[in-house]
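Asks: Would you mind keeping the following structure in view while I ask a few things?
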Amino acid sequence: MRRIARAPWELLKGAFGWLVLFELRNKVLLLPSAVRLRRLENAETGRLAAAVGPVPQALVATVIATHRRPDALRAAVASALAQTVRDQVVIVVDDGAGLPELPDDPRLFAVSLARNTAVAGVVRNVGIRLTRSRYVAFLDDDNRWEPDHLERALAVLEAPDGPDGVYTALRRVLPDGTERDVLSVEFDRRRAARESFLDTNAFVARRDGSLHFSRLRRTPEVLPREDWELVYRYSRGHAVRHVPHATVRYLVNPGSFYTTWSS
């Protein structure tokens, strides 16, 4: 009897993919939180834009979301500023905890939300909306880039037949610094509906109105994560390509909502 009752669910998973179905459920159940958080995001973007003034335009804007990781944040910022691509701005958005001392660099801007949201999508969206650039890249405060991360991504994006978005390979490392594995999966939207191999720490994309994160309040139990949702949704109307070169050092941090990839 149980097998019969599960048959429709299995058919739906086969047709659409379990990640797509879970995200549809999330949108239905968590919509009220998204409405409230959109209002907060609008208010904070307006407040911070008035406080810091216009952020200079660059080829690429790097958005770093942070919360109470001062030492890790400084390492992430250093890896962003050390990129071989110099035509960029880096904006750090703190989720209401306060900012540590950061390097004095004209390309670096740092802001702090008025209160903690505990929603990574909202924090990143504020950073996107405060910047002006052709492309946007994302880096979390506990991860780092190799110096050629942006160079490799932009070489593909700026090519005559270039896509709208690219993601590089991820080198996953454990807290003691040892390497766990390298995640390098060619983009396949049908496969992405069933397997989670998309992470925005490796994602660089052309800016338009669809480049924003989900505002749903996702606890650790809520799957899929907002990284998957952004890239999967963006790829609906934009070409996305994989760059099979590991340019991201991704910390498998037990204190974070890291992804257990199924590649």
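FYI, nothing fancy with the structure tokens labels: chains A, B, ... in order, residues from 1 per chain, ligands from 1 as they appear.
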Using only C-alpha atoms, which residues of region 119-155 of chain A come within 10 Å of region 24-40 of chain A, and what is the closest atom pair for each, with the distance in Å to one decimal? Give it as CSV, sorted by chain and residue number.
Replies:
residue,atom,partner,partner_atom,distance
A:Val119,CA,A:Leu37,CA,8.6
A:Gly121,CA,A:Leu37,CA,9.7
A:Val122,CA,A:Leu37,CA,7.2
A:Asn125,CA,A:Arg38,CA,9.7
A:Val126,CA,A:Leu40,CA,10.0
Asks: Write out as a PDB file with N, CA, C and O atoms, in the first residue's frame each polymer residue whose atoms come within 9 Å of region 68-78 of chain A, counting only C-alpha atoms; drop sequence neighbours fewer than 6 positions from it.
Replies:
ATOM      1  N   VAL A  90      34.828  45.495  -4.518  1.00  0.00           N
ATOM      2  CA  VAL A  90      34.478  44.452  -3.545  1.00  0.00           C
ATOM      3  C   VAL A  90      33.592  45.098  -2.493  1.00  0.00           C
ATOM      4  O   VAL A  90      33.997  46.083  -1.866  1.00  0.00           O
ATOM      5  N   VAL A  92      31.556  44.311   1.005  1.00  0.00           N
ATOM      6  CA  VAL A  92      31.301  43.416   2.133  1.00  0.00           C
ATOM      7  C   VAL A  92      29.999  43.859   2.789  1.00  0.00           C
ATOM      8  O   VAL A  92      29.827  45.039   3.113  1.00  0.00           O
ATOM      9  N   ASP A  94      27.737  43.010   6.028  1.00  0.00           N
ATOM     10  CA  ASP A  94      27.660  42.331   7.322  1.00  0.00           C
ATOM     11  C   ASP A  94      26.202  42.198   7.748  1.00  0.00           C
ATOM     12  O   ASP A  94      25.430  43.154   7.656  1.00  0.00           O
ATOM     13  N   ASP A  95      25.858  41.009   8.237  1.00  0.00           N
ATOM     14  CA  ASP A  95      24.463  40.743   8.628  1.00  0.00           C
ATOM     15  C   ASP A  95      24.207  41.172  10.073  1.00  0.00           C
ATOM     16  O   ASP A  95      23.815  40.375  10.924  1.00  0.00           O
ATOM     17  N   ALA A  97      26.097  42.250  12.644  1.00  0.00           N
ATOM     18  CA  ALA A  97      26.949  41.970  13.806  1.00  0.00           C
ATOM     19  C   ALA A  97      28.028  43.018  14.017  1.00  0.00           C
ATOM     20  O   ALA A  97      28.647  43.074  15.077  1.00  0.00           O
ATOM     21  N   GLY A  98      28.288  43.843  13.022  1.00  0.00           N
ATOM     22  CA  GLY A  98      29.371  44.815  13.105  1.00  0.00           C
ATOM     23  C   GLY A  98      30.581  44.350  12.329  1.00  0.00           C
ATOM     24  O   GLY A  98      30.858  43.151  12.246  1.00  0.00           O
ATOM     25  N   LEU A  99      31.314  45.302  11.793  1.00  0.00           N
ATOM     26  CA  LEU A  99      32.428  44.988  10.908  1.00  0.00           C
ATOM     27  C   LEU A  99      33.766  45.084  11.636  1.00  0.00           C
ATOM     28  O   LEU A  99      33.975  45.996  12.447  1.00  0.00           O
ATOM     29  N   PRO A 100      34.692  44.163  11.347  1.00  0.00           N
ATOM     30  CA  PRO A 100      36.049  44.289  11.881  1.00  0.00           C
ATOM     31  C   PRO A 100      36.839  45.276  11.048  1.00  0.00           C
ATOM     32  O   PRO A 100      36.365  45.778  10.018  1.00  0.00           O
ATOM     33  N   GLU A 101      38.049  45.552  11.462  1.00  0.00           N
ATOM     34  CA  GLU A 101      38.933  46.407  10.668  1.00  0.00           C
ATOM     35  C   GLU A 101      39.313  45.676   9.395  1.00  0.00           C
ATOM     36  O   GLU A 101      39.705  44.501   9.417  1.00  0.00           O
ATOM     37  N   LEU A 102      39.215  46.369   8.258  1.00  0.00           N
ATOM     38  CA  LEU A 102      39.494  45.779   6.958  1.00  0.00           C
ATOM     39  C   LEU A 102      40.555  46.603   6.234  1.00  0.00           C
ATOM     40  O   LEU A 102      40.817  47.750   6.607  1.00  0.00           O
ATOM     41  N   PRO A 103      41.155  46.050   5.181  1.00  0.00           N
ATOM     42  CA  PRO A 103      42.219  46.775   4.482  1.00  0.00           C
ATOM     43  C   PRO A 103      41.740  48.104   3.921  1.00  0.00           C
ATOM     44  O   PRO A 103      40.564  48.269   3.564  1.00  0.00           O
ATOM     45  N   LEU A 108      37.453  48.671  -2.070  1.00  0.00           N
ATOM     46  CA  LEU A 108      36.726  47.940  -1.032  1.00  0.00           C
ATOM     47  C   LEU A 108      35.727  48.852  -0.338  1.00  0.00           C
ATOM     48  O   LEU A 108      36.064  49.945   0.112  1.00  0.00           O
ATOM     49  N   LEU A 139      31.347  35.654  -2.982  1.00  0.00           N
ATOM     50  CA  LEU A 139      32.312  34.959  -2.138  1.00  0.00           C
ATOM     51  C   LEU A 139      31.820  35.024  -0.699  1.00  0.00           C
ATOM     52  O   LEU A 139      31.491  36.107  -0.206  1.00  0.00           O
ATOM     53  N   ASP A 140      31.743  33.881  -0.039  1.00  0.00           N
ATOM     54  CA  ASP A 140      31.359  33.852   1.372  1.00  0.00           C
ATOM     55  C   ASP A 140      32.575  34.112   2.251  1.00  0.00           C
ATOM     56  O   ASP A 140      33.722  33.896   1.841  1.00  0.00           O
ATOM     57  N   ASP A 141      32.326  34.520   3.496  1.00  0.00           N
ATOM     58  CA  ASP A 141      33.428  34.963   4.346  1.00  0.00           C
ATOM     59  C   ASP A 141      34.339  33.842   4.824  1.00  0.00           C
ATOM     60  O   ASP A 141      35.411  34.115   5.377  1.00  0.00           O
ATOM     61  N   ASP A 142      33.954  32.578   4.649  1.00  0.00           N
ATOM     62  CA  ASP A 142      34.834  31.486   5.078  1.00  0.00           C
ATOM     63  C   ASP A 142      35.483  30.763   3.903  1.00  0.00           C
ATOM     64  O   ASP A 142      36.073  29.691   4.074  1.00  0.00           O
ATOM     65  N   ASN A 143      35.402  31.349   2.708  1.00  0.00           N
ATOM     66  CA  ASN A 143      36.016  30.755   1.520  1.00  0.00           C
ATOM     67  C   ASN A 143      37.016  31.724   0.899  1.00  0.00           C
ATOM     68  O   ASN A 143      37.037  32.911   1.227  1.00  0.00           O
ATOM     69  N   ARG A 144      37.821  31.207  -0.022  1.00  0.00           N
ATOM     70  CA  ARG A 144      38.819  32.034  -0.683  1.00  0.00           C
ATOM     71  C   ARG A 144      38.897  31.690  -2.160  1.00  0.00           C
ATOM     72  O   ARG A 144      38.548  30.582  -2.569  1.00  0.00           O
ATOM     73  N   TRP A 145      39.364  32.656  -2.948  1.00  0.00           N
ATOM     74  CA  TRP A 145      39.583  32.460  -4.375  1.00  0.00           C
ATOM     75  C   TRP A 145      41.079  32.340  -4.665  1.00  0.00           C
ATOM     76  O   TRP A 145      41.907  32.969  -4.000  1.00  0.00           O
TER      77      TRP A 145
END
Asks: Nearest residue to Val252 (chain A) out of A:Ala153, A:Leu216, A:Val63, A:Val173, using only C-alpha atoms?
Replies: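 Counting only C-alpha atoms, the residue closest to Val252 (chain A) is A:Val173.
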Asks: List every residue of region 45-214 of chain A that DSSP, applied to the backbone, labels as strand (DSSP E), and write the result as a ChimeraX atom specification.
Replies: /A:58-66,88-94,108-112,133-140,144-145,165-173,179-183,203-206
Asks: Which residue, A:Leu130, A:Val89, A:Val156, A:Val248, has the smallest gap to Pro54 (chain A) when you use only C-alpha atoms?
Replies: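 Answer, going by the shortest atom-to-atom distance: A:Leu130.
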Asks: Nearest residue to Phe16 (chain A) out of A:Arg152, A:Arg86, A:Arg172, A:Arg190, using only C-alpha atoms?
Replies: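 Smallest separation from Phe16 (chain A) among the options: A:Arg190.
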Asks: Could you check which of A:Arg124, A:Arg115, A:His212, A:Arg241 is closest to Thr66 (chain A), using only C-alpha atoms?
Replies: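 Under the stated criterion, the closest residue is A:Arg124.
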Asks: How far is it from CA of Arg207 (chain A) to CA of Val136 (chain A), in Å with one decimal?
Replies: 6.2 Å
Asks: Where does DSSP see helix (DSSP H, G or I) in region 113-234 of chain A, if you list the residues as a PyMOL selection string?
Replies: chain A and resi 120-130+149-157+189-192+200-202+226-234
Asks: Please identify all polymer residues within 12 Å of Ala169 (chain A), counting only C-alpha atoms, omitting same-chain residues fewer than 4 positions from it, and present them as a list in words.
Replies: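 Residues near the query, excluding close chain neighbours: Trp145, Glu146, His149, Arg152, Ala153, Asp181, Val182, Leu183, Ser184, Val185, Glu186, Phe187, Phe197, Leu198, Asp199, Thr200, Asn201, Ala202, Phe203, Arg241, His242, Val243, Pro244, His245, Ala246, Thr247, Val248, Arg249 and Tyr250 of chain A.
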Asks: What's the separation between CA of Phe138 (chain A) and CA of Ser79 (chain A), in Å to one decimal place?
Replies: 12.2 Å
